[in-house]
Amino acid sequence: MILSSGGLNTMYTVLAAVLLGLNLFSRWSWRTKMMAVVTVSISYIVMYLSFPPLLGWPSKDAMPKRFSIIGVYMREPDKLSGEEGNVFFWVVDRDPHAAQPNVPRGYIVPFTPELHARAKQVGAKLKKNIPQVGEQEEADLGTHNVSREQKEGGQKSIKPKIDYVFSDAAPEGLPPKTGEEPTAAPSR
Amino acid sequence: MFWGLAGIVFASLVLAALALNLALNSNWPWLIRLSGLALVGVFYWTTAHSIGPLMGWATTHAMPERFSLLAVHVIEPDKATSSKGSIYLWVTDLQHGRGQYLPRAYVLPFTPELHAKVTDAATKLRKNLPQLGEVDPAPAGGTEYGIKAPNINFYDMPEPLFPER
């Protein structure tokens, strides 16, 4: 998130620098330079107003390494419309050093029957008030998914794919006293 | 989302036009003009890679007038950290028909009234009662990020006349 804001700030700075260079060193008439200033000002406003409509929609990025699941939403493939189907997750990063701890983020993951089945279980458990957590893991696709180029080169290297494992969240232990480590909940 | 991308494309074209004129009409040495064009290329790359990290996070954009509630996440006010709290809603837009199925996350200022309503709605969701949300144009009060909390009411989703395919 910090990099994304930095990237946008860089964009505005680059635009201002280019405009300044034009106004100082180009052979344009003053009317053309004035129009350039007005156009760039309008583009700043347009950019500012353009980013909010992009926010809130699910991201195609990989989900965090460990996350708490708040919501699951599934769209199954539709042969009639050709829609491929997707599974949407709304999760909170469990990394204590995350840029935005305790702030949920939406993700979109391509539909597979296995993921659909697992997500359905997660949704059912969430409805029973059983908190769910997920972890990233690399899936071994096996030799059937080795690319042709790799086979011709005599190699059988396997390209890992990100997969997710879901489980019930561990019950929280007793809150620690000041200066002590948190205690684990006693097993029943 | 279309207008968001269109605006970014427009601003990118403006920058490209300016950079081209800088290269053609300024008295700067060729090295500086070339560096200017390279800098614009870097700008495009940076912008393209900046949009991705922005996706997925909740928006303060106005909520649709009618939506299907999928999930709720509440951060209550914390006097210790001076946090005013927030209410996050994950919804699908029903305003433009059921075709708009892509879920979107919204963040609203925390108010006790809204907190009570979303808590009830979340309880009903857990009981497998789909919830329909409607936004009252008159704001209820509470402000965060300069946005006033909308007045939202939740109802049990009406049964469809015909089952969905």
# chains A, B, ... in the order shown; residues from 1 in each chain; ligands from 1
call {"tool": "residues_around", "arguments": {"residues": "Val14 (chain B)", "least_positions_apart": "4", "cutoff": "9 Å", "atoms": "only C-alpha atoms", "output": "ChimeraX atom specification"}}
result
/A:39-40,43 /B:9-10,18-19
call {"tool": "select_by_dssp", "arguments": {"residues": "region 33-136 of chain A", "states": "helix (DSSP H, G or I)", "output": "PyMOL selection string"}}
result
chain A and resi 33-50+52-54+113-127
call {"tool": "interface_residues", "arguments": {"of": "chain B", "to": "chain A", "cutoff": "7 Å", "atoms": "only C-alpha atoms", "output": "JSON, numbers by chain"}}
result
{"B": [1, 3, 4, 5, 7, 8, 11, 15, 18, 19, 22, 25, 26, 27, 43, 46, 47, 50, 51, 53, 54, 55, 56, 57, 58, 59, 61, 70, 71, 103, 104, 105, 106, 126, 127]}
call {"tool": "write_last_selection", "arguments": {"atoms": "C-alpha atoms", "output": "CSV table (one decimal), in the first residue's frame"}}
result
chain,number,residue,atom,x,y,z
B,1,MET,CA,-14.5,0.6,-12.6
B,3,TRP,CA,-14.6,5.3,-15.4
B,4,GLY,CA,-11.7,4.9,-13.0
B,5,LEU,CA,-9.6,3.2,-15.7
B,7,GLY,CA,-9.6,8.6,-16.2
B,8,ILE,CA,-6.1,7.0,-15.7
B,11,ALA,CA,-4.1,11.4,-17.7
B,15,LEU,CA,1.5,13.0,-20.0
B,18,LEU,CA,3.5,16.7,-23.0
B,19,ALA,CA,6.6,14.5,-23.1
B,22,LEU,CA,9.1,18.4,-24.7
B,25,ASN,CA,9.9,21.7,-29.0
B,26,SER,CA,12.4,22.4,-26.2
B,27,ASN,CA,15.9,23.6,-26.4
B,43,PHE,CA,5.9,6.5,-14.8
B,46,THR,CA,5.0,2.6,-11.8
B,47,THR,CA,1.4,3.5,-12.3
B,50,SER,CA,0.6,0.8,-8.2
B,51,ILE,CA,-3.0,0.0,-9.2
B,53,PRO,CA,-1.9,-3.0,-4.5
B,54,LEU,CA,-4.8,-0.7,-4.3
B,55,MET,CA,-7.3,-3.3,-5.3
B,56,GLY,CA,-9.3,-5.3,-2.7
B,57,TRP,CA,-9.2,-2.7,0.0
B,58,ALA,CA,-12.5,-1.2,1.2
B,59,THR,CA,-13.6,2.0,-0.5
B,61,HIS,CA,-17.3,5.4,-2.3
B,70,LEU,CA,-22.3,-10.9,2.2
B,71,ALA,CA,-20.2,-10.2,5.3
B,103,PRO,CA,-18.6,-8.3,-4.5
B,104,ARG,CA,-17.2,-4.9,-3.3
B,105,ALA,CA,-16.0,-3.8,0.1
B,106,TYR,CA,-17.1,-0.6,1.7
B,126,ARG,CA,-25.4,-16.8,10.0
B,127,LYS,CA,-28.9,-18.3,10.2
call {"tool": "select_by_dssp", "arguments": {"residues": "chain B", "states": "strand (DSSP E or B)", "output": "compact mmCIF listing (two decimals) with N, CA, C and O atoms, in the first residue's frame"}}
result
# COMPACT_ATOMS: atom_id res chain seq x y z
N SER B 26 11.54 21.69 -27.21
CA SER B 26 12.35 22.37 -26.20
C SER B 26 13.78 22.52 -26.71
O SER B 26 14.18 21.89 -27.70
N TRP B 57 -8.96 -3.42 -1.22
CA TRP B 57 -9.20 -2.68 0.03
C TRP B 57 -10.55 -1.98 -0.05
O TRP B 57 -11.00 -1.59 -1.11
N THR B 59 -13.54 0.67 0.08
CA THR B 59 -13.64 2.01 -0.46
C THR B 59 -14.62 2.86 0.34
O THR B 59 -15.53 2.33 0.99
N ARG B 66 -29.31 -0.34 -3.29
CA ARG B 66 -29.79 -1.65 -2.84
C ARG B 66 -28.67 -2.65 -3.05
O ARG B 66 -28.05 -2.68 -4.12
N PHE B 67 -28.41 -3.46 -2.05
CA PHE B 67 -27.32 -4.41 -2.15
C PHE B 67 -27.65 -5.65 -1.35
O PHE B 67 -28.50 -5.66 -0.46
N SER B 68 -26.93 -6.72 -1.72
CA SER B 68 -27.02 -7.98 -0.98
C SER B 68 -25.82 -8.05 -0.05
O SER B 68 -24.68 -7.93 -0.49
N LEU B 69 -26.08 -8.21 1.24
CA LEU B 69 -25.00 -8.22 2.23
C LEU B 69 -24.35 -9.60 2.28
O LEU B 69 -25.03 -10.61 2.43
N LEU B 70 -23.03 -9.64 2.14
CA LEU B 70 -22.31 -10.92 2.17
C LEU B 70 -21.61 -11.13 3.51
O LEU B 70 -21.60 -12.24 4.05
N ALA B 71 -20.97 -10.10 4.03
CA ALA B 71 -20.24 -10.25 5.28
C ALA B 71 -20.03 -8.87 5.91
O ALA B 71 -20.15 -7.84 5.24
N VAL B 72 -19.72 -8.91 7.20
CA VAL B 72 -19.55 -7.68 7.98
C VAL B 72 -18.27 -7.80 8.81
O VAL B 72 -17.96 -8.89 9.32
N HIS B 73 -17.55 -6.71 8.94
CA HIS B 73 -16.38 -6.70 9.83
C HIS B 73 -16.39 -5.36 10.55
O HIS B 73 -16.47 -4.32 9.91
N VAL B 74 -16.34 -5.42 11.88
CA VAL B 74 -16.46 -4.19 12.67
C VAL B 74 -15.19 -3.97 13.48
O VAL B 74 -14.67 -4.89 14.11
N ILE B 75 -14.68 -2.76 13.43
CA ILE B 75 -13.59 -2.36 14.32
C ILE B 75 -14.18 -1.31 15.25
O ILE B 75 -14.56 -0.21 14.82
N ASP B 78 -11.65 2.69 19.93
CA ASP B 78 -10.70 2.34 20.97
C ASP B 78 -10.16 3.63 21.57
O ASP B 78 -9.43 4.38 20.90
N SER B 83 -8.86 5.60 18.25
CA SER B 83 -9.48 5.14 17.00
C SER B 83 -11.00 5.34 17.11
O SER B 83 -11.60 4.99 18.12
N SER B 86 -14.49 1.58 12.71
CA SER B 86 -15.01 1.53 11.34
C SER B 86 -15.90 0.32 11.19
O SER B 86 -15.77 -0.66 11.92
N ILE B 87 -16.77 0.40 10.22
CA ILE B 87 -17.64 -0.74 9.89
C ILE B 87 -17.40 -1.08 8.42
O ILE B 87 -17.55 -0.21 7.54
N TYR B 88 -17.01 -2.31 8.16
CA TYR B 88 -16.73 -2.77 6.80
C TYR B 88 -17.88 -3.67 6.35
O TYR B 88 -18.29 -4.59 7.07
N LEU B 89 -18.36 -3.41 5.16
CA LEU B 89 -19.42 -4.23 4.59
C LEU B 89 -18.95 -4.81 3.25
O LEU B 89 -18.32 -4.11 2.46
N TRP B 90 -19.23 -6.08 3.04
CA TRP B 90 -18.89 -6.76 1.78
C TRP B 90 -20.21 -7.08 1.10
O TRP B 90 -21.01 -7.85 1.64
N VAL B 91 -20.44 -6.47 -0.06
CA VAL B 91 -21.78 -6.54 -0.65
C VAL B 91 -21.70 -6.77 -2.14
O VAL B 91 -20.65 -6.58 -2.77
N THR B 92 -22.82 -7.19 -2.70
CA THR B 92 -22.98 -7.20 -4.16
C THR B 92 -24.11 -6.23 -4.51
O THR B 92 -25.10 -6.14 -3.80
N ASP B 93 -23.92 -5.54 -5.60
CA ASP B 93 -24.83 -4.48 -6.00
C ASP B 93 -26.12 -5.08 -6.58
O ASP B 93 -26.06 -5.88 -7.51
N ARG B 104 -18.03 -6.12 -3.54
CA ARG B 104 -17.21 -4.94 -3.33
C ARG B 104 -17.23 -4.61 -1.84
O ARG B 104 -18.24 -4.79 -1.18
N ALA B 105 -16.09 -4.14 -1.33
CA ALA B 105 -15.96 -3.84 0.09
C ALA B 105 -16.08 -2.34 0.31
O ALA B 105 -15.49 -1.55 -0.42
N TYR B 106 -16.85 -1.97 1.32
CA TYR B 106 -17.06 -0.57 1.68
C TYR B 106 -16.69 -0.37 3.14
O TYR B 106 -16.86 -1.26 3.97
N VAL B 107 -16.19 0.82 3.44
CA VAL B 107 -15.88 1.17 4.83
C VAL B 107 -16.72 2.38 5.20
O VAL B 107 -16.84 3.34 4.44
N LEU B 108 -17.33 2.29 6.37
CA LEU B 108 -18.22 3.34 6.84
C LEU B 108 -17.79 3.78 8.24
O LEU B 108 -17.22 2.99 9.00
N PRO B 109 -18.10 5.03 8.59
CA PRO B 109 -17.77 5.46 9.96
C PRO B 109 -18.58 4.65 10.97
O PRO B 109 -19.73 4.28 10.72
N GLN B 131 -29.58 -11.20 3.45
CA GLN B 131 -29.97 -9.86 3.85
C GLN B 131 -29.86 -8.87 2.69
O GLN B 131 -28.86 -8.85 1.96
N LEU B 132 -30.92 -8.07 2.58
CA LEU B 132 -30.96 -7.01 1.58
C LEU B 132 -30.74 -5.70 2.31
O LEU B 132 -31.36 -5.44 3.34
N GLY B 133 -29.85 -4.87 1.78
CA GLY B 133 -29.58 -3.58 2.39
C GLY B 133 -30.09 -2.46 1.48
O GLY B 133 -29.98 -2.54 0.26
N GLU B 134 -30.67 -1.45 2.11
CA GLU B 134 -31.12 -0.28 1.34
C GLU B 134 -30.57 0.97 2.00
O GLU B 134 -30.62 1.11 3.23
N VAL B 135 -30.03 1.87 1.17
CA VAL B 135 -29.43 3.08 1.68
C VAL B 135 -30.45 4.21 1.60
O VAL B 135 -31.00 4.49 0.54
N ASP B 136 -30.66 4.83 2.73
CA ASP B 136 -31.54 6.00 2.79
C ASP B 136 -30.70 7.21 2.38
O ASP B 136 -29.61 7.40 2.92
N PRO B 137 -31.15 8.00 1.42
CA PRO B 137 -30.35 9.15 0.96
C PRO B 137 -29.95 10.10 2.07
O PRO B 137 -28.88 10.70 2.02
N ALA B 138 -30.76 10.22 3.14
CA ALA B 138 -30.43 11.16 4.22
C ALA B 138 -29.34 10.54 5.08
O ALA B 138 -29.50 9.44 5.58
N PRO B 139 -28.20 11.20 5.28
CA PRO B 139 -27.13 10.62 6.10
C PRO B 139 -27.53 10.54 7.55
O PRO B 139 -28.27 11.38 8.06
N ALA B 140 -27.04 9.48 8.22
CA ALA B 140 -27.42 9.26 9.62
C ALA B 140 -26.54 10.04 10.57
O ALA B 140 -26.93 10.34 11.68
N GLY B 141 -25.33 10.35 10.19
CA GLY B 141 -24.43 11.04 11.12
C GLY B 141 -23.14 10.27 11.26
O GLY B 141 -23.02 9.15 10.79
N GLY B 142 -22.16 10.84 11.93
CA GLY B 142 -20.85 10.20 12.05
C GLY B 142 -20.03 10.48 10.82
O GLY B 142 -20.53 10.42 9.71
N THR B 143 -18.78 10.82 11.00
CA THR B 143 -17.94 11.18 9.85
C THR B 143 -16.58 10.52 9.98
O THR B 143 -16.01 10.46 11.05
N GLU B 144 -16.11 9.96 8.87
CA GLU B 144 -14.73 9.47 8.83
C GLU B 144 -14.26 9.61 7.41
O GLU B 144 -15.01 9.41 6.47
N ILE B 147 -16.39 11.38 5.08
CA ILE B 147 -17.62 10.78 4.56
C ILE B 147 -18.60 10.63 5.72
O ILE B 147 -18.24 10.17 6.79
N LYS B 148 -19.83 11.05 5.48
CA LYS B 148 -20.86 10.87 6.50
C LYS B 148 -21.43 9.46 6.40
O LYS B 148 -21.57 8.90 5.32
N ALA B 149 -21.78 8.90 7.56
CA ALA B 149 -22.33 7.56 7.58
C ALA B 149 -23.71 7.57 6.94
O ALA B 149 -24.56 8.37 7.32
N PRO B 150 -23.96 6.70 5.96
CA PRO B 150 -25.30 6.65 5.36
C PRO B 150 -26.26 5.95 6.31
O PRO B 150 -25.86 5.21 7.20
N ASN B 151 -27.55 6.19 6.09
CA ASN B 151 -28.58 5.53 6.87
C ASN B 151 -28.96 4.26 6.12
O ASN B 151 -29.52 4.31 5.04
N ILE B 152 -28.59 3.11 6.66
CA ILE B 152 -28.82 1.84 5.98
C ILE B 152 -29.82 1.03 6.78
O ILE B 152 -29.76 0.97 8.01
N ASN B 153 -30.73 0.41 6.07
CA ASN B 153 -31.69 -0.50 6.69
C ASN B 153 -31.53 -1.87 6.05
O ASN B 153 -31.31 -1.99 4.84
N PHE B 154 -31.65 -2.91 6.87
CA PHE B 154 -31.50 -4.27 6.38
C PHE B 154 -32.82 -5.01 6.50
O PHE B 154 -33.56 -4.86 7.48
N TYR B 155 -33.09 -5.81 5.48
CA TYR B 155 -34.33 -6.60 5.45
C TYR B 155 -33.97 -8.01 5.01
O TYR B 155 -32.97 -8.23 4.33
N ASP B 156 -34.84 -8.95 5.38
CA ASP B 156 -34.65 -10.31 4.87
C ASP B 156 -34.88 -10.26 3.36
O ASP B 156 -35.84 -9.65 2.88
